[in-house]
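J.: Contents are mmCIF, C-alpha atoms; file name model.cif:
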```
data_work
loop_
_atom_site.label_atom_id
_atom_site.label_comp_id
_atom_site.auth_asym_id
_atom_site.auth_seq_id
_atom_site.Cartn_x
_atom_site.Cartn_y
_atom_site.Cartn_z
CA MET G 85 27.20 -8.34 36.33
CA THR G 86 24.90 -5.95 34.47
CA ILE G 87 25.93 -5.00 30.96
CA THR G 88 25.11 -1.38 30.15
CA LEU G 89 24.39 -1.00 26.47
CA ALA G 90 24.91 2.15 24.45
CA PRO G 91 21.76 4.28 23.98
CA ARG G 92 22.18 4.08 20.20
CA LEU G 93 20.88 0.51 20.34
CA GLU G 94 17.47 1.92 21.24
CA ARG G 95 17.36 3.88 17.97
CA PHE G 96 16.93 0.89 15.69
CA LYS G 97 15.42 -2.57 15.40
CA ALA G 98 16.88 -5.90 14.38
CA SER G 99 16.14 -6.84 10.79
CA GLU G 100 12.69 -8.43 10.63
CA SER G 101 13.51 -10.26 7.41
CA ASN G 102 16.60 -11.82 8.98
CA MET G 103 14.54 -12.80 12.01
CA ALA G 104 11.91 -14.41 9.77
CA GLY G 105 14.62 -16.45 8.09
CA ASP G 106 15.91 -17.54 11.50
CA ARG G 107 12.40 -18.72 12.46
CA ALA G 108 12.14 -20.74 9.24
CA ARG G 109 15.45 -22.48 9.92
CA ALA G 110 14.42 -23.25 13.51
CA LEU G 111 11.14 -24.79 12.36
CA ARG G 112 12.95 -26.96 9.82
CA GLN G 113 15.37 -28.15 12.48
CA ALA G 114 12.34 -29.12 14.57
CA GLY G 115 11.14 -31.33 11.74
CA HIS G 116 8.43 -29.14 10.17
CA HIS G 117 7.87 -28.82 6.43
CA VAL G 118 8.19 -25.08 6.05
CA VAL G 119 7.53 -22.93 3.01
CA ASP G 120 9.90 -20.02 3.45
CA PHE G 121 8.80 -16.94 1.53
CA SER G 122 10.97 -14.62 3.63
CA ILE G 123 14.40 -15.03 2.15
CA GLY G 124 15.71 -12.30 -0.11
CA GLU G 125 18.34 -14.26 -1.99
CA PRO G 126 18.32 -16.16 -5.29
CA ASP G 127 18.38 -19.93 -4.81
CA PHE G 128 20.74 -20.48 -7.76
CA PRO G 129 24.31 -21.75 -7.40
CA VAL G 130 27.26 -19.47 -7.97
CA PRO G 131 28.04 -19.49 -11.74
CA ASP G 132 30.64 -22.07 -12.73
CA HIS G 133 33.21 -19.59 -14.01
CA VAL G 134 32.95 -17.71 -10.72
CA LYS G 135 33.52 -20.93 -8.78
CA GLN G 136 36.60 -21.60 -10.89
CA ALA G 137 37.98 -18.14 -10.14
CA LEU G 138 37.34 -18.67 -6.44
CA VAL G 139 39.20 -22.01 -6.44
CA ALA G 140 42.05 -20.57 -8.49
CA ALA G 141 42.48 -17.71 -6.02
CA LEU G 142 42.57 -20.16 -3.12
CA GLN G 143 45.10 -22.40 -4.86
CA ALA G 144 47.24 -19.34 -5.56
CA ASP G 145 47.18 -18.55 -1.83
CA ASP G 146 45.43 -15.27 -2.50
CA THR G 147 44.21 -15.20 1.09
CA HIS G 148 45.75 -12.03 2.48
CA TYR G 149 44.62 -8.50 3.18
CA THR G 150 43.85 -6.38 0.15
CA ASN G 151 43.69 -2.63 -0.24
CA THR G 152 40.95 -1.36 2.05
CA GLY G 153 38.73 -0.10 -0.76
CA GLY G 154 39.21 -3.16 -2.95
CA THR G 155 41.79 -4.76 -5.21
CA VAL G 156 42.79 -2.86 -8.33
CA ALA G 157 41.38 -5.72 -10.40
CA LEU G 158 37.98 -5.47 -8.75
CA LEU G 159 37.88 -1.68 -8.80
CA ASP G 160 38.51 -1.81 -12.54
CA ALA G 161 35.87 -4.54 -12.95
CA VAL G 162 33.37 -2.31 -11.11
CA ARG G 163 34.28 0.60 -13.39
CA THR G 164 33.78 -1.64 -16.42
CA LYS G 165 30.40 -2.78 -15.12
CA PHE G 166 29.16 0.76 -14.48
CA ALA G 167 30.21 1.86 -17.97
CA ARG G 168 28.73 -1.22 -19.67
CA ASP G 169 25.41 -1.44 -17.82
CA ASN G 170 24.69 2.07 -16.65
CA GLY G 171 26.55 4.49 -18.90
CA LEU G 172 28.45 5.79 -15.89
CA HIS G 173 32.19 6.42 -16.07
CA TYR G 174 34.26 6.53 -12.89
CA GLU G 175 37.94 6.85 -12.04
CA ARG G 176 39.45 4.43 -9.54
CA ASN G 177 39.22 6.97 -6.73
CA GLU G 178 35.45 7.18 -7.34
CA VAL G 179 34.67 3.51 -6.65
CA MET G 180 35.01 1.29 -3.60
CA VAL G 181 34.29 -2.26 -2.47
CA SER G 182 32.88 -3.42 0.85
CA THR G 183 31.43 -6.49 2.54
CA GLY G 184 28.04 -6.25 0.85
CA ALA G 185 25.88 -3.36 -0.31
CA LYS G 186 24.52 -2.97 3.22
CA SER G 187 28.02 -2.21 4.46
CA VAL G 188 28.53 0.35 1.68
CA MET G 189 25.40 2.21 2.73
CA TYR G 190 26.25 2.08 6.42
CA HIS G 191 29.66 3.63 5.77
CA ALA G 192 28.08 6.36 3.62
CA PHE G 193 25.58 7.37 6.29
CA ALA G 194 28.15 7.14 9.08
CA CYS G 195 30.46 9.50 7.17
CA THR G 196 27.86 12.15 6.39
CA VAL G 197 24.93 12.10 8.81
CA SER G 198 25.17 14.05 12.06
CA GLN G 199 22.75 14.47 14.95
CA GLY G 200 19.68 16.29 13.69
CA ASP G 201 20.30 15.64 10.01
CA GLU G 202 17.44 14.26 7.92
CA VAL G 203 17.35 11.56 5.27
CA ILE G 204 14.33 11.29 2.96
CA VAL G 205 13.21 7.68 2.62
CA PRO G 206 10.33 6.77 0.29
CA ARG G 207 7.94 4.34 2.00
CA PRO G 208 7.64 1.31 1.73
CA TYR G 209 11.38 0.98 2.24
CA TRP G 210 14.01 -1.68 2.64
CA ILE G 211 14.29 -2.36 6.35
CA SER G 212 17.87 -1.16 6.82
CA TYR G 213 17.57 2.38 5.41
CA PRO G 214 15.85 4.08 8.35
CA ASN G 215 17.68 1.98 10.90
CA GLN G 216 21.09 2.86 9.52
CA VAL G 217 20.11 6.53 9.50
CA ARG G 218 19.09 6.31 13.15
CA ILE G 219 22.31 4.52 14.10
CA SER G 220 24.19 7.46 12.58
CA GLY G 221 22.19 9.93 14.69
CA GLY G 222 19.96 11.16 11.89
CA THR G 223 16.21 11.25 11.42
CA PRO G 224 14.49 9.39 8.58
CA VAL G 225 11.78 11.46 6.90
CA PHE G 226 9.28 9.21 5.18
CA VAL G 227 7.49 10.05 1.94
CA ASP G 228 4.63 7.69 1.18
CA CYS G 229 4.30 5.90 -2.15
CA ALA G 230 0.62 5.08 -2.52
CA PRO G 231 -0.50 1.47 -3.08
CA GLU G 232 -3.24 2.86 -5.32
CA LYS G 233 -0.51 4.22 -7.63
CA ASP G 234 1.50 0.98 -7.63
CA PHE G 235 3.89 2.46 -5.07
CA GLY G 236 5.32 4.93 -7.58
CA LEU G 237 7.44 7.84 -6.34
CA ASP G 238 5.58 11.01 -5.44
CA VAL G 239 7.97 13.67 -6.73
CA ASP G 240 5.91 16.55 -5.34
CA ALA G 241 5.89 14.96 -1.88
CA ILE G 242 9.66 14.47 -2.02
CA ALA G 243 10.09 18.12 -2.97
CA ALA G 244 7.92 19.18 -0.03
CA ALA G 245 9.94 16.99 2.37
CA ILE G 246 13.28 18.64 1.58
CA SER G 247 14.42 20.95 4.37
CA PRO G 248 17.67 22.75 5.30
CA ARG G 249 18.52 19.67 7.38
CA THR G 250 18.17 17.19 4.50
CA ARG G 251 21.42 15.33 3.82
CA TRP G 252 20.26 12.46 1.60
CA LEU G 253 17.45 11.20 -0.58
CA VAL G 254 17.37 7.40 -0.80
CA LEU G 255 16.22 5.77 -4.04
CA ASN G 256 15.72 2.04 -4.51
CA SER G 257 14.79 0.82 -7.97
CA PRO G 258 13.80 -1.93 -8.55
CA ASN G 259 12.31 -1.62 -5.12
CA ASN G 260 12.38 -3.98 -2.17
CA PRO G 261 9.66 -4.82 -1.08
CA THR G 262 7.28 -3.63 -3.82
CA GLY G 263 9.15 -4.49 -7.02
CA THR G 264 8.36 -1.05 -8.45
CA VAL G 265 10.82 0.30 -11.03
CA VAL G 266 11.13 4.08 -11.31
CA PRO G 267 10.64 5.11 -14.96
CA LYS G 268 13.04 7.47 -16.69
CA ALA G 269 10.49 10.30 -16.93
CA GLN G 270 9.96 10.23 -13.17
CA LEU G 271 13.71 10.31 -12.54
CA GLN G 272 13.93 13.34 -14.84
CA ALA G 273 11.19 15.10 -12.87
CA LEU G 274 12.95 14.26 -9.61
CA ALA G 275 16.26 15.49 -10.99
CA LYS G 276 14.64 18.85 -11.76
CA VAL G 277 13.65 19.12 -8.10
CA LEU G 278 17.09 18.12 -6.87
CA ARG G 279 18.89 20.66 -9.04
CA ALA G 280 17.29 23.34 -6.86
CA HIS G 281 18.80 21.73 -3.74
CA PRO G 282 22.54 21.33 -4.44
CA ASP G 283 23.40 20.17 -0.91
CA VAL G 284 21.18 17.07 -1.00
CA LEU G 285 23.04 13.83 -1.69
CA VAL G 286 21.37 10.94 -3.52
CA MET G 287 21.83 7.29 -2.57
CA SER G 288 20.69 5.10 -5.46
CA ASP G 289 20.40 1.46 -4.40
CA GLU G 290 20.37 -0.54 -7.64
CA ILE G 291 21.09 -4.02 -6.28
CA TYR G 292 18.11 -5.53 -8.16
CA GLU G 293 18.82 -3.83 -11.50
CA HIS G 294 19.13 -7.11 -13.44
CA LEU G 295 15.90 -8.58 -12.06
CA ARG G 296 13.33 -6.88 -14.29
CA TYR G 297 10.44 -8.38 -16.21
CA GLU G 298 8.41 -7.80 -19.37
CA ASP G 299 10.97 -5.47 -20.95
CA VAL G 300 10.85 -2.94 -18.10
CA GLU G 301 13.95 -0.74 -18.30
CA HIS G 302 16.26 0.29 -15.48
CA HIS G 303 17.82 3.76 -15.33
CA SER G 304 20.28 5.28 -12.89
CA ILE G 305 19.51 8.86 -11.92
CA ALA G 306 23.23 9.68 -12.20
CA ALA G 307 23.07 8.77 -15.89
CA VAL G 308 19.66 10.32 -16.51
CA GLU G 309 20.86 13.64 -15.08
CA PRO G 310 24.68 13.88 -15.33
CA SER G 311 24.72 17.08 -13.26
CA LEU G 312 23.75 14.95 -10.24
CA LYS G 313 26.60 12.47 -10.67
CA ASP G 314 28.96 14.38 -8.40
CA ARG G 315 26.55 14.01 -5.47
CA THR G 316 25.07 10.58 -6.18
CA LEU G 317 26.30 7.35 -4.62
CA VAL G 318 25.29 4.43 -6.86
CA VAL G 319 25.21 1.26 -4.75
CA ASN G 320 25.24 -2.27 -6.12
CA GLY G 321 26.72 -5.71 -5.50
CA VAL G 322 27.03 -9.25 -6.78
CA SER G 323 24.52 -10.84 -4.39
CA LYS G 324 21.32 -10.70 -6.44
CA ALA G 325 22.49 -10.80 -10.05
CA TYR G 326 24.99 -13.62 -9.55
CA ALA G 327 23.54 -15.42 -6.48
CA MET G 328 26.68 -14.63 -4.47
CA THR G 329 24.94 -13.52 -1.27
CA GLY G 330 27.25 -15.37 1.10
CA LEU G 331 30.40 -14.06 -0.53
CA ARG G 332 29.53 -10.53 0.69
CA ILE G 333 30.72 -8.15 -1.99
CA GLY G 334 29.07 -4.77 -2.46
CA TYR G 335 30.42 -1.79 -4.33
CA ALA G 336 29.64 1.82 -5.11
CA GLY G 337 30.51 4.66 -7.42
CA GLY G 338 30.36 8.23 -6.20
CA PRO G 339 32.09 11.52 -5.45
CA PRO G 340 35.80 10.99 -4.66
CA ALA G 341 35.67 12.92 -1.38
CA LEU G 342 32.82 10.74 -0.13
CA VAL G 343 34.41 7.51 -1.35
CA SER G 344 37.70 8.48 0.32
CA ALA G 345 35.91 9.10 3.63
CA MET G 346 34.10 5.78 3.40
CA VAL G 347 37.35 3.93 2.75
CA LYS G 348 38.91 5.75 5.71
CA LEU G 349 36.09 4.58 7.96
CA GLN G 350 36.36 1.07 6.58
CA THR G 351 39.98 0.91 7.78
CA GLN G 352 38.49 0.84 11.29
CA THR G 353 35.50 -1.44 10.65
CA THR G 354 36.02 -4.36 8.27
CA SER G 355 39.53 -3.53 6.96
CA CYS G 356 38.66 -5.04 3.58
CA ALA G 357 36.35 -7.50 1.90
CA SER G 358 37.46 -11.13 1.57
CA SER G 359 40.29 -11.49 -0.94
CA LEU G 360 38.77 -14.69 -2.30
CA SER G 361 35.35 -13.09 -2.70
CA GLN G 362 36.91 -10.17 -4.53
CA SER G 363 38.52 -12.52 -7.05
CA ALA G 364 35.15 -14.20 -7.53
CA ALA G 365 33.47 -10.81 -8.05
CA VAL G 366 35.99 -9.89 -10.76
CA ALA G 367 35.00 -13.04 -12.62
CA ALA G 368 31.30 -12.32 -12.16
CA LEU G 369 31.47 -8.73 -13.39
CA THR G 370 33.85 -9.29 -16.31
CA GLY G 371 32.96 -12.84 -17.37
CA PRO G 372 30.05 -14.15 -19.46
CA GLN G 373 26.83 -12.30 -18.66
CA ASP G 374 24.42 -14.73 -20.33
CA VAL G 375 23.83 -16.42 -16.96
CA VAL G 376 22.17 -13.22 -15.74
CA ALA G 377 19.61 -13.27 -18.56
CA GLU G 378 19.02 -17.01 -18.17
CA ARG G 379 18.27 -16.67 -14.49
CA ARG G 380 16.11 -13.62 -15.04
CA ALA G 381 13.98 -15.78 -17.34
CA VAL G 382 13.63 -18.41 -14.61
CA MET G 383 12.62 -15.76 -12.09
CA GLY G 384 10.13 -14.37 -14.59
CA ALA G 385 8.48 -17.79 -14.92
CA ARG G 386 8.27 -18.05 -11.13
CA ARG G 387 6.75 -14.58 -10.95
CA ALA G 388 4.06 -15.53 -13.45
CA HIS G 389 3.32 -18.80 -11.63
CA LEU G 390 2.98 -17.13 -8.24
CA ASP G 391 0.90 -14.34 -9.73
CA ALA G 392 -1.65 -16.90 -10.91
CA LEU G 393 -1.66 -18.66 -7.54
CA LEU G 394 -2.12 -15.47 -5.52
CA ALA G 395 -5.00 -14.36 -7.73
CA ARG G 396 -7.02 -17.25 -6.30
CA VAL G 397 -6.32 -16.47 -2.63
CA PRO G 398 -9.36 -14.95 -0.89
CA LEU G 399 -9.02 -11.49 0.66
CA LEU G 400 -5.59 -10.81 -0.90
CA ARG G 401 -4.88 -8.13 -3.48
CA THR G 402 -1.64 -8.34 -5.41
CA ARG G 403 0.10 -6.95 -8.47
CA ALA G 404 2.91 -8.62 -10.34
CA PRO G 405 6.11 -6.67 -9.63
CA ASP G 406 8.11 -4.95 -12.37
CA GLY G 407 11.38 -6.03 -10.82
CA ALA G 408 13.19 -7.56 -7.83
CA MET G 409 11.92 -10.90 -6.44
CA TYR G 410 8.95 -10.09 -4.26
CA PHE G 411 5.18 -9.78 -4.22
CA PHE G 412 3.97 -7.18 -1.76
CA CYS G 413 0.54 -8.49 -0.83
CA ASP G 414 -2.31 -6.28 0.37
CA ALA G 415 -3.94 -8.21 3.22
CA ARG G 416 -5.90 -5.33 4.75
CA ALA G 417 -9.17 -7.10 4.00
CA ALA G 418 -8.12 -9.90 6.37
CA ILE G 419 -7.61 -7.60 9.37
CA GLY G 420 -10.50 -8.00 11.77
CA ARG G 421 -11.21 -11.54 10.58
CA ARG G 422 -11.22 -14.51 12.92
CA THR G 423 -9.02 -17.59 12.61
CA PRO G 424 -10.41 -21.13 13.09
CA SER G 425 -9.00 -21.08 16.63
CA GLY G 426 -11.00 -17.92 17.40
CA ARG G 427 -8.16 -15.41 17.28
CA VAL G 428 -8.96 -12.04 15.72
CA LEU G 429 -6.28 -10.81 13.34
CA GLN G 430 -5.61 -7.21 14.33
CA SER G 431 -2.51 -6.41 12.27
CA ASP G 432 -0.21 -7.61 9.53
CA ALA G 433 2.05 -9.00 12.27
CA ASP G 434 -0.88 -11.13 13.45
CA ILE G 435 -1.39 -12.35 9.89
CA ALA G 436 2.28 -13.31 9.57
CA GLY G 437 2.08 -15.11 12.92
CA TYR G 438 -1.09 -16.96 11.87
CA LEU G 439 0.52 -18.14 8.63
CA LEU G 440 3.62 -19.27 10.49
CA ASP G 441 1.96 -20.97 13.45
CA GLU G 442 -0.88 -22.74 11.69
CA PHE G 443 0.31 -23.22 8.11
CA LYS G 444 4.12 -23.12 8.41
CA VAL G 445 4.41 -20.39 5.80
CA VAL G 446 7.02 -17.71 6.53
CA VAL G 447 6.37 -14.18 5.24
CA VAL G 448 7.58 -10.76 6.41
CA GLN G 449 4.94 -8.37 7.73
CA GLY G 450 4.48 -5.11 5.88
CA GLY G 451 4.99 -3.03 9.01
CA ALA G 452 8.68 -3.92 8.82
CA TYR G 453 8.79 -1.93 5.58
CA GLY G 454 6.65 0.92 6.88
CA GLN G 455 3.46 -0.35 5.21
CA PRO G 456 1.05 -1.96 7.71
CA GLY G 457 -1.60 -4.28 6.35
CA PHE G 458 0.69 -5.88 3.77
CA PHE G 459 3.20 -8.70 3.75
CA ARG G 460 6.13 -9.58 1.51
CA ILE G 461 6.58 -12.88 -0.32
CA SER G 462 9.84 -13.81 -2.03
CA PHE G 463 9.56 -15.92 -5.18
CA ALA G 464 13.25 -16.83 -5.12
CA THR G 465 12.36 -20.48 -4.67
CA SER G 466 11.32 -23.47 -6.77
CA LEU G 467 8.02 -23.81 -8.63
CA ASP G 468 7.17 -26.73 -6.33
CA ASN G 469 7.64 -24.55 -3.24
CA LEU G 470 5.64 -21.76 -4.83
CA GLY G 471 2.84 -24.20 -5.59
CA GLU G 472 2.78 -25.61 -2.07
CA GLY G 473 3.00 -22.16 -0.54
CA GLY G 474 0.20 -20.89 -2.77
CA ARG G 475 -2.05 -23.74 -1.67
CA ARG G 476 -1.32 -23.08 1.98
CA LEU G 477 -2.02 -19.37 1.58
CA HIS G 478 -5.33 -20.15 -0.10
CA ASP G 479 -6.32 -22.50 2.71
CA ALA G 480 -5.21 -20.03 5.39
CA PHE G 481 -7.24 -17.10 4.07
CA ALA G 482 -10.20 -19.23 3.09
CA ALA G 483 -10.43 -20.44 6.69
CA LEU G 484 -10.95 -16.92 8.05
CA SER G 485 -14.43 -15.84 9.08
#
```
Just dump the structure as structure tokens.
T.:
Amino acid sequence: MTITLAPRLERFKASESNMAGDRARALRQAGHHVVDFSIGEPDFPVPDHVKQALVAALQADDTHYTNTGGTVALLDAVRTKFARDNGLHYERNEVMVSTGAKSVMYHAFACTVSQGDEVIVPRPYWISYPNQVRISGGTPVFVDCAPEKDFGLDVDAIAAAISPRTRWLVLNSPNNPTGTVVPKAQLQALAKVLRAHPDVLVMSDEIYEHLRYEDVEHHSIAAVEPSLKDRTLVVNGVSKAYAMTGLRIGYAGGPPALVSAMVKLQTQTTSCASSLSQSAAVAALTGPQDVVAERRAVMGARRAHLDALLARVPLLRTRAPDGAMYFFCDARAAIGRRTPSGRVLQSDADIAGYLLDEFKVVVVQGGAYGQPGFFRISFATSLDNLGEGGRRLHDAFAALS
């Protein structure tokens, strides 16, 4: 029997970062010592008080369906978090919970993007943005952020990209994959542009807000320019700040009509997020927050260590990121070089394959993020792994001729 697949599957690709993680696990199962720089999740355990809340919920048999958009306790915890951390105040009908931030964004696009609509996506971008837009029938419109300007937003280019078909502008700060944090002044300049286009929605992905280094500040555009709050969807979750990736809780604050539509759609997709995970998220958002600062300090030390290691790798150009957990490495000088086996590296995908095949180092090629010639390294791993991976990268690039 031949299975006929829907044409929409041709509009998007599988996640390259997920595929890289799958390759790393397969190599480990085959007995190889792999340095996995692909994974975008903190390697810390779930905080103890969150574990206790999870166990307590299980012992209380809190294992049933919840309200589709989230329990009242979690919705209020999300509201508390937004007020405390971002200066944003929402009513209950302006917040919702889903199975991860990715699910939140998918529901938002699916509710608002029609065939022929456009979504402005600054490039480099997180892999899922353009693919989710395409799934929804829309067209991603890319605005380049220049490596020579540390991948900062180009406000003039964003303004020029807005058309009558523009439905959304996507913002991601701190950024995956570059680690760039958008400064307040730039958000103010962007807000001035957006005020002239009242029909353009703003999706602000702030999942990495607590992973910032050297006193870099995070600002939400909805707080910087309150007049945009009624058309901004602020997306976040507990995965990165609290190392709760597998518990799959994302949340958002936004216009009540949009949130209501997203909850309506969620009744036919996931029904609700896990009841146990929601109890754990309440504890994470309302409990002691010192664990966030402690882990940020650990990640900062890893960032500094990897920065020193990468500075010694031939042919690579890097900059220490302002936020998130990645180095976005410029490997364009290695393209056209020859490996010891005689293979000519013709792209960033070739470089990623060379590192994987011959040095068992897993990275994600920059083309996956719309930036050929680069690759992404996650430093969400131990200092020992960073040291070993740094040595292997040095040997790999030093061996090119």
J.: Any idea what's packed within 6 Å of segment 284-294 of chain G, counting only C-alpha atoms, ignoring anything in its chain fewer than 6 positions away? Could you give it as JSON, numbers by chain?
T.: {"G": [251, 252, 253, 254, 255, 256, 257, 258, 315, 316, 317, 318, 319, 320, 321, 408]}
J.: If we count all atoms listed in the file and set the cut-off at 8 Å, which residues sit around Gly457 of chain G, ignoring sequence neighbours fewer than 4 positions away in its own chain? Please answer as a PyMOL selection string.
T.: chain G and resi 414-416+419+431-432+449-451
J.: For Ala245 of chain G, which residue out of G:Asp468, G:Glu202, G:Glu125, G:Asp169 is the nearest one, using all atoms listed in the file?
T.: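 With all atoms listed in the file as the atom set, the closest residue is G:Glu202.
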J.: I would like the residues chosen by the PyMOL selection byres ((chain G and resi 136) around 12) on the shown file; could you give them as a ChimeraX atom specification?
T.: /G:130-135,137-143,360-361,363-368,371
J.: In Å, rounded to a single decimal, give me how far atom CA of Asn215 of chain G is from atom CA of Phe96 of chain G.
T.: 5.0 Å
J.: Out of G:Glu178, G:Asp314, G:Asp391, G:Glu100, which residue has the shortest atom-to-atom distance to Ser344 of chain G when counting all atoms listed in the file?
T.: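 For Ser344 of chain G, the nearest of the candidates is G:Glu178.
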J.: For the point (12.2, -14.3, -11.7) in the file's frame, write as a ChimeraX atom specification all residues with an atom no more than 9 Å away, counting only C-alpha atoms.
T.: /G:295-297,379-388,407-409,463-464
J.: Counting only C-alpha atoms, which of G:Tyr326, G:Thr152, G:Arg207, G:Gly236 gets nearest to Leu349 of chain G?
T.: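 For Leu349 of chain G, the nearest of the given residues is G:Thr152.
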J.: Between atom CA of Phe193 of chain G and atom CA of Asn170 of chain G, what is the distance in Å, rounded to a tenth?
T.: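 Distance reported for this atom pair: 23.6 Å.
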J.: If you measure from atom CA of Arg112 of chain G to atom CA of Phe443 of chain G, what distance in Å do you get, rounded to one decimal?
T.: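 These atoms are spaced 13.3 Å apart.
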J.: Would you mind completing segment 167-181 of chain G to N, CA and C atoms and writing the output as a PDB file, in the coordinates of the input?
T.:
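Printed below is result-v7.pdb as written:
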```pdb
ATOM      1  N   ALA G 167      30.203   1.321 -16.619  1.00  0.00           N
ATOM      2  CA  ALA G 167      30.210   1.860 -17.970  1.00  0.00           C
ATOM      3  C   ALA G 167      29.336   1.010 -18.899  1.00  0.00           C
ATOM      4  N   ARG G 168      29.457  -0.300 -18.791  1.00  0.00           N
ATOM      5  CA  ARG G 168      28.730  -1.220 -19.670  1.00  0.00           C
ATOM      6  C   ARG G 168      27.227  -1.200 -19.407  1.00  0.00           C
ATOM      7  N   ASP G 169      26.821  -1.259 -18.165  1.00  0.00           N
ATOM      8  CA  ASP G 169      25.410  -1.440 -17.820  1.00  0.00           C
ATOM      9  C   ASP G 169      24.663  -0.147 -17.558  1.00  0.00           C
ATOM     10  N   ASN G 170      25.366   0.874 -17.127  1.00  0.00           N
ATOM     11  CA  ASN G 170      24.690   2.070 -16.650  1.00  0.00           C
ATOM     12  C   ASN G 170      25.092   3.362 -17.361  1.00  0.00           C
ATOM     13  N   GLY G 171      26.089   3.278 -18.238  1.00  0.00           N
ATOM     14  CA  GLY G 171      26.550   4.490 -18.900  1.00  0.00           C
ATOM     15  C   GLY G 171      27.203   5.470 -17.960  1.00  0.00           C
ATOM     16  N   LEU G 172      27.790   4.963 -16.892  1.00  0.00           N
ATOM     17  CA  LEU G 172      28.450   5.790 -15.890  1.00  0.00           C
ATOM     18  C   LEU G 172      29.947   5.518 -15.910  1.00  0.00           C
ATOM     19  N   HIS G 173      30.741   6.571 -15.952  1.00  0.00           N
ATOM     20  CA  HIS G 173      32.190   6.420 -16.070  1.00  0.00           C
ATOM     21  C   HIS G 173      32.861   7.006 -14.825  1.00  0.00           C
ATOM     22  N   TYR G 174      33.609   6.153 -14.136  1.00  0.00           N
ATOM     23  CA  TYR G 174      34.260   6.530 -12.890  1.00  0.00           C
ATOM     24  C   TYR G 174      35.762   6.285 -12.978  1.00  0.00           C
ATOM     25  N   GLU G 175      36.519   7.113 -12.262  1.00  0.00           N
ATOM     26  CA  GLU G 175      37.940   6.850 -12.040  1.00  0.00           C
ATOM     27  C   GLU G 175      38.069   5.917 -10.833  1.00  0.00           C
ATOM     28  N   ARG G 176      39.266   5.378 -10.648  1.00  0.00           N
ATOM     29  CA  ARG G 176      39.450   4.430  -9.540  1.00  0.00           C
ATOM     30  C   ARG G 176      39.148   5.052  -8.188  1.00  0.00           C
ATOM     31  N   ASN G 177      39.459   6.344  -8.029  1.00  0.00           N
ATOM     32  CA  ASN G 177      39.220   6.970  -6.730  1.00  0.00           C
ATOM     33  C   ASN G 177      37.748   7.318  -6.511  1.00  0.00           C
ATOM     34  N   GLU G 178      36.885   6.939  -7.470  1.00  0.00           N
ATOM     35  CA  GLU G 178      35.450   7.180  -7.340  1.00  0.00           C
ATOM     36  C   GLU G 178      34.663   5.891  -7.100  1.00  0.00           C
ATOM     37  N   VAL G 179      35.349   4.781  -6.923  1.00  0.00           N
ATOM     38  CA  VAL G 179      34.670   3.510  -6.650  1.00  0.00           C
ATOM     39  C   VAL G 179      35.318   2.846  -5.444  1.00  0.00           C
ATOM     40  N   MET G 180      34.510   2.028  -4.751  1.00  0.00           N
ATOM     41  CA  MET G 180      35.010   1.290  -3.600  1.00  0.00           C
ATOM     42  C   MET G 180      34.262  -0.017  -3.462  1.00  0.00           C
ATOM     43  N   VAL G 181      34.854  -0.928  -2.705  1.00  0.00           N
ATOM     44  CA  VAL G 181      34.290  -2.260  -2.470  1.00  0.00           C
ATOM     45  C   VAL G 181      34.164  -2.464  -0.974  1.00  0.00           C
TER      46      VAL G 181
END
```
